[in-house]
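Written below as structure tokens is the structure these notes are about.
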Amino acid sequence: MSQSTLIVNGHIWSAHDDFIADILVNDGKIVAIGKDLHKQYSADETIDASGLYVLPGGIDAHTHMELPFMGTKAADDFETGTLAGLHGGTTSIIDFAIQTQGKSMQSALDDWHAKADGKAVGDYSFHLAVTDFNESTKKEVAKMVEQGVTSFKTFMAYKGALMVDDAMMLGLMTEVKTQGGIITVHAENGDIVDSLVKKFKQEGTLSPKYHCLAHPAIAEAEAANRVMDLAHMTDSSLYIVHTSCRDSLANVKRNFLRDQRVFLETCTQYLLLDDSVYEKPNFEGAKYVMSPPIRKKDDQVALWASMQAGHVHTVATDHCPFNFCGQKDMGKDDFSKIPNGAAGIEHRLELIFSEGVVNKKITMNRFVEVMCTNPATIFGLSNKGSITIGKDADIVLLDPNEKHTIHSKTHHHNVDSGIYDGWKVTGRVKTVLSNGKIVIRDNKADQVVKGQGKFQKRKQFNYSL
Ligand code: URP
Ligand code: ZN
Ligand code: ZN
């Protein structure tokens, strides 16, 4: 049965405009936008959005639900993780289906469908993370694209586990380009990291802060530079995930000058936190162990400025939560055994709105662009990313003035702690529509049904400079 909703008098924001108008939603789609629509149409439900900001549903292009990693697995599954996302106004995610070395890409994709299908409550898609590129897996690239998986992730770090060498990278880039896909990359020099980890272990310096010291900014900047050269050589489109530091930005910006198709992602944690977190007592620094690590305040300044200048294209979370008790503490006596990653999907929109827009580091239009529109455009989520007639009715109503405090006691992540505990934010996601259905009403989940999230086939990469 088709369900219609009128959202009236909201302050609608896009990547380029803002205006006060009404939105009519019918059968999961946006069907009209205009002044005083409520005088022309009736609907099953009318939402008064006076005083609220109305945005496209957020898209988090970098999550790891139920990721098997470092001897354990990420604590959120597709149901809990996407539900947390809906609470925070993120209506779609792109997760990583990770190929096991020696196995096919198809088996990774099948595994990730089995984790998500029938469970996710928000819409989802997959990047295919390639860990083993050879003559046999080369043939699978076209098959992935046919199945709507058009982005291919590579790791230049995690030596001995996920890392690919430059030869594999070049081969994959060439094939992905032929099939109309885009390469995404975790840019850190795995050999630098590996040698520093070994050094610190030999020296017996094993607390969480040595994770940070084993992942220096230069390891990221070198890898970003190298992968851009490889992409330039193969004329490939490239998306660098979780960019965290000024040195990396500097290398990338220099390379922009030769007209490469390169997109940069950063994550909430690199914009908000600094490396003093690793000095916390009682092993608390372990909560912030992730790769790349949290950087310096100066790196935050560079990331915000680059985002406002249009050089950082998306903000994701790299959502990959591990419990402090029972998971992070696997590395109590050795930082290299602390599972890498932290939760963030629920708080992305509110934190970036509060720190970025309210504190005037980025404009509201830029906010919509990096949180919603660019992830859809870059990754071919053609029904998502803006409030436009004909698109899926994924819509967020945000109160720009309401203040609240983020805490793991009240969050919806399935994890026992949080890296933003006690963070005070201005701006609150109040109501969320996913495919036209109200799923969050006044901050609370409303008739959310397990498995209601739909797999999103994505288009081939089709973006020219
Ligand atoms: O620490 C992180 N980032 N964990 C998840 C895996 C990755 O590198 O993205
Ligand atoms: Zn990564
Ligand atoms: Zn990741």
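Every chain in the structure tokens has a letter given in the order shown (A, B, ...), and although residue numbers restart at 1 in each chain, ligands are simply numbered from 1 in the order shown.
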
Close residues to ligand 1 using only C-alpha atoms and all ligand atoms, limit 7 Å, as number ranges by chain:
A: 64, 186, 289-292, 318, 320, 340-341

Export of the given selection (C-alpha atoms) as a CSV table (one decimal), in the first residue's frame:
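Dumped everything to selection_24.csv:
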chain,number,residue,atom,x,y,z
A,64,HIS,CA,32.7,-2.3,8.6
A,186,HIS,CA,43.8,2.7,2.5
A,289,VAL,CA,43.5,2.6,18.3
A,290,MET,CA,42.7,2.7,14.7
A,291,SER,CA,44.6,3.1,11.4
A,292,PRO,CA,45.5,5.7,10.5
A,318,ASP,CA,35.2,4.0,9.2
A,320,CYS,CA,34.4,-0.5,13.1
A,340,ASN,CA,41.9,-1.4,15.1
A,341,GLY,CA,38.7,0.6,14.9

To check your reading of the model: which residues sit at most 12 Å from ligand 2 when counting only C-alpha atoms and all ligand atoms? Write the answer as a VMD selection string.
chain A and resid 62 to 64 69 95 to 96 98 129 153 to 158 162 to 163 184 to 190 220 240 to 244 265 to 267 290 to 293 316 to 320 340 to 342

Take the residues just selected and output them with C-alpha atoms as a PDB file, in the first residue's frame.
ATOM      1  CA  HIS A  62      32.999   3.686   4.823  1.00  0.00           C
ATOM      2  CA  THR A  63      31.707   1.168   7.375  1.00  0.00           C
ATOM      3  CA  HIS A  64      32.710  -2.299   8.583  1.00  0.00           C
ATOM      4  CA  PHE A  69      39.512  -8.569  12.001  1.00  0.00           C
ATOM      5  CA  ASP A  95      30.365  -1.415   3.612  1.00  0.00           C
ATOM      6  CA  PHE A  96      33.416  -3.425   2.543  1.00  0.00           C
ATOM      7  CA  ILE A  98      36.623  -8.244   1.996  1.00  0.00           C
ATOM      8  CA  ALA A 129      38.054  -5.118  -1.002  1.00  0.00           C
ATOM      9  CA  LYS A 153      39.186  -1.255  -2.255  1.00  0.00           C
ATOM     10  CA  THR A 154      42.858  -1.922  -1.726  1.00  0.00           C
ATOM     11  CA  PHE A 155      44.959  -1.828   1.426  1.00  0.00           C
ATOM     12  CA  MET A 156      48.542  -0.581   1.198  1.00  0.00           C
ATOM     13  CA  ALA A 157      48.928  -1.526   4.893  1.00  0.00           C
ATOM     14  CA  TYR A 158      48.157  -4.560   7.107  1.00  0.00           C
ATOM     15  CA  LEU A 162      45.157  -7.474   3.610  1.00  0.00           C
ATOM     16  CA  MET A 163      48.010  -5.559   1.970  1.00  0.00           C
ATOM     17  CA  THR A 184      39.463   3.124  -3.256  1.00  0.00           C
ATOM     18  CA  VAL A 185      42.551   2.833  -1.117  1.00  0.00           C
ATOM     19  CA  HIS A 186      43.759   2.686   2.468  1.00  0.00           C
ATOM     20  CA  ALA A 187      46.961   4.636   1.934  1.00  0.00           C
ATOM     21  CA  GLU A 188      49.593   3.780   4.522  1.00  0.00           C
ATOM     22  CA  ASN A 189      53.009   2.310   3.754  1.00  0.00           C
ATOM     23  CA  GLY A 190      52.692  -1.163   5.294  1.00  0.00           C
ATOM     24  CA  GLU A 220      50.347   7.842   4.966  1.00  0.00           C
ATOM     25  CA  ILE A 240      41.567   7.766  -0.900  1.00  0.00           C
ATOM     26  CA  VAL A 241      39.790   6.706   2.297  1.00  0.00           C
ATOM     27  CA  HIS A 242      40.278   8.088   5.804  1.00  0.00           C
ATOM     28  CA  THR A 243      42.755  10.861   4.930  1.00  0.00           C
ATOM     29  CA  SER A 244      44.008  12.063   8.282  1.00  0.00           C
ATOM     30  CA  GLU A 265      37.567  11.064   2.208  1.00  0.00           C
ATOM     31  CA  THR A 266      38.235  11.998   5.786  1.00  0.00           C
ATOM     32  CA  CYS A 267      36.439  10.747   8.890  1.00  0.00           C
ATOM     33  CA  MET A 290      42.690   2.734  14.660  1.00  0.00           C
ATOM     34  CA  SER A 291      44.579   3.073  11.384  1.00  0.00           C
ATOM     35  CA  PRO A 292      45.532   5.736  10.542  1.00  0.00           C
ATOM     36  CA  PRO A 293      45.743   6.879  14.172  1.00  0.00           C
ATOM     37  CA  ALA A 316      32.741   9.003   6.504  1.00  0.00           C
ATOM     38  CA  THR A 317      33.266   7.185   9.800  1.00  0.00           C
ATOM     39  CA  ASP A 318      35.240   3.981   9.162  1.00  0.00           C
ATOM     40  CA  HIS A 319      32.708   2.621  11.672  1.00  0.00           C
ATOM     41  CA  CYS A 320      34.378  -0.506  13.086  1.00  0.00           C
ATOM     42  CA  ASN A 340      41.919  -1.390  15.112  1.00  0.00           C
ATOM     43  CA  GLY A 341      38.735   0.636  14.850  1.00  0.00           C
ATOM     44  CA  ALA A 342      35.999   2.574  16.649  1.00  0.00           C
TER      45      ALA A 342
END

Stretch 57-105 of chain A: which residues are alpha helix (DSSP H) by DSSP, as a ChimeraX atom specification?
/A:78-87,105

Choose the residue, out of A:Thr268, A:Glu222, A:Met233, A:Thr205, that has the smallest atom-to-atom separation from A:Thr174; count only C-alpha atoms.
A:Met233

Show which residues sit within 9 Å of A:Ser125, as a list of chain:residue names. Count only C-alpha atoms, and ignore same-chain residues fewer than 5 positions away.
A:Ala61, A:Ser92, A:Ile93, A:Ile94, A:Asp95, A:Phe96, A:Gly148, A:Val149, A:Leu381, A:Lys454, A:Phe455, A:Gln456, A:Lys457, A:Arg458

With a distance cut-off of 10 Å and only C-alpha atoms, select the neighbouring residues of A:Lys409, excluding the residue or stretch itself and same-chain residues fewer than 6 positions from it, and output the selection as a PyMOL selection string.
chain A and resi 415-418+421

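For the set A:Thr314, A:Ser408, A:Thr234, A:Asn282, the residue with the smallest atom-to-atom gap to A:Thr373 is A:Thr314, counting only C-alpha atoms.
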
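Here atom CA of A:Phe78 stands at a distance of 13.5 Å from atom CA of A:Val448.
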
Who sits within 7 Å of A:Ala21, only C-alpha atoms, same chain under 6 positions skipped, as a list in words:
Val8, Asn9, Gly10, His11, Ile12, Ile33, Gly34 and Lys35 of chain A

A:Ala445 surroundings by only C-alpha atoms, 9 Å radius, close-in-sequence under 5 positions cut, as an NGL selection string
:A and (83 or 86-87 or 438-440)

Neighbour list for A:Phe461 as a PyMOL selection string, cut-off 8 Å, only C-alpha atoms, skip fewer than 3 positions in-chain:
chain A and resi 150+180-182+378-380

Mind dumping the selected residues with N, CA, C and O atoms as a PDB file, in the first residue's frame?
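Saved file selection.pdb follows:
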ATOM      1  N   THR A 150      30.748  -1.346  -7.869  1.00  0.00           N
ATOM      2  CA  THR A 150      31.546  -0.639  -8.877  1.00  0.00           C
ATOM      3  C   THR A 150      32.795   0.024  -8.287  1.00  0.00           C
ATOM      4  O   THR A 150      33.493   0.750  -8.985  1.00  0.00           O
ATOM      5  N   GLY A 180      34.931   0.276 -15.901  1.00  0.00           N
ATOM      6  CA  GLY A 180      34.175   1.460 -15.474  1.00  0.00           C
ATOM      7  C   GLY A 180      34.001   1.575 -13.979  1.00  0.00           C
ATOM      8  O   GLY A 180      33.005   2.119 -13.493  1.00  0.00           O
ATOM      9  N   GLY A 181      34.982   1.066 -13.213  1.00  0.00           N
ATOM     10  CA  GLY A 181      34.904   1.174 -11.752  1.00  0.00           C
ATOM     11  C   GLY A 181      35.852   2.215 -11.204  1.00  0.00           C
ATOM     12  O   GLY A 181      36.549   2.914 -11.951  1.00  0.00           O
ATOM     13  N   ILE A 182      35.886   2.325  -9.890  1.00  0.00           N
ATOM     14  CA  ILE A 182      36.802   3.256  -9.220  1.00  0.00           C
ATOM     15  C   ILE A 182      37.561   2.489  -8.134  1.00  0.00           C
ATOM     16  O   ILE A 182      37.004   1.596  -7.491  1.00  0.00           O
ATOM     17  N   ILE A 378      29.847  10.187  -6.336  1.00  0.00           N
ATOM     18  CA  ILE A 378      31.117   9.491  -6.607  1.00  0.00           C
ATOM     19  C   ILE A 378      30.877   7.991  -6.777  1.00  0.00           C
ATOM     20  O   ILE A 378      31.445   7.354  -7.661  1.00  0.00           O
ATOM     21  N   PHE A 379      30.009   7.439  -5.937  1.00  0.00           N
ATOM     22  CA  PHE A 379      29.855   5.977  -5.931  1.00  0.00           C
ATOM     23  C   PHE A 379      28.637   5.469  -6.699  1.00  0.00           C
ATOM     24  O   PHE A 379      28.309   4.283  -6.614  1.00  0.00           O
ATOM     25  N   GLY A 380      27.967   6.341  -7.433  1.00  0.00           N
ATOM     26  CA  GLY A 380      26.908   5.860  -8.321  1.00  0.00           C
ATOM     27  C   GLY A 380      25.639   5.420  -7.622  1.00  0.00           C
ATOM     28  O   GLY A 380      24.908   4.558  -8.119  1.00  0.00           O
TER      29      GLY A 380
END

Please identify which residues in stretch 250-428 of chain A DSSP calls strand (DSSP E or B) from the backbone, and express them as number ranges by chain.
A: 262-267, 314-316, 319, 342, 392, 395-406, 423-428
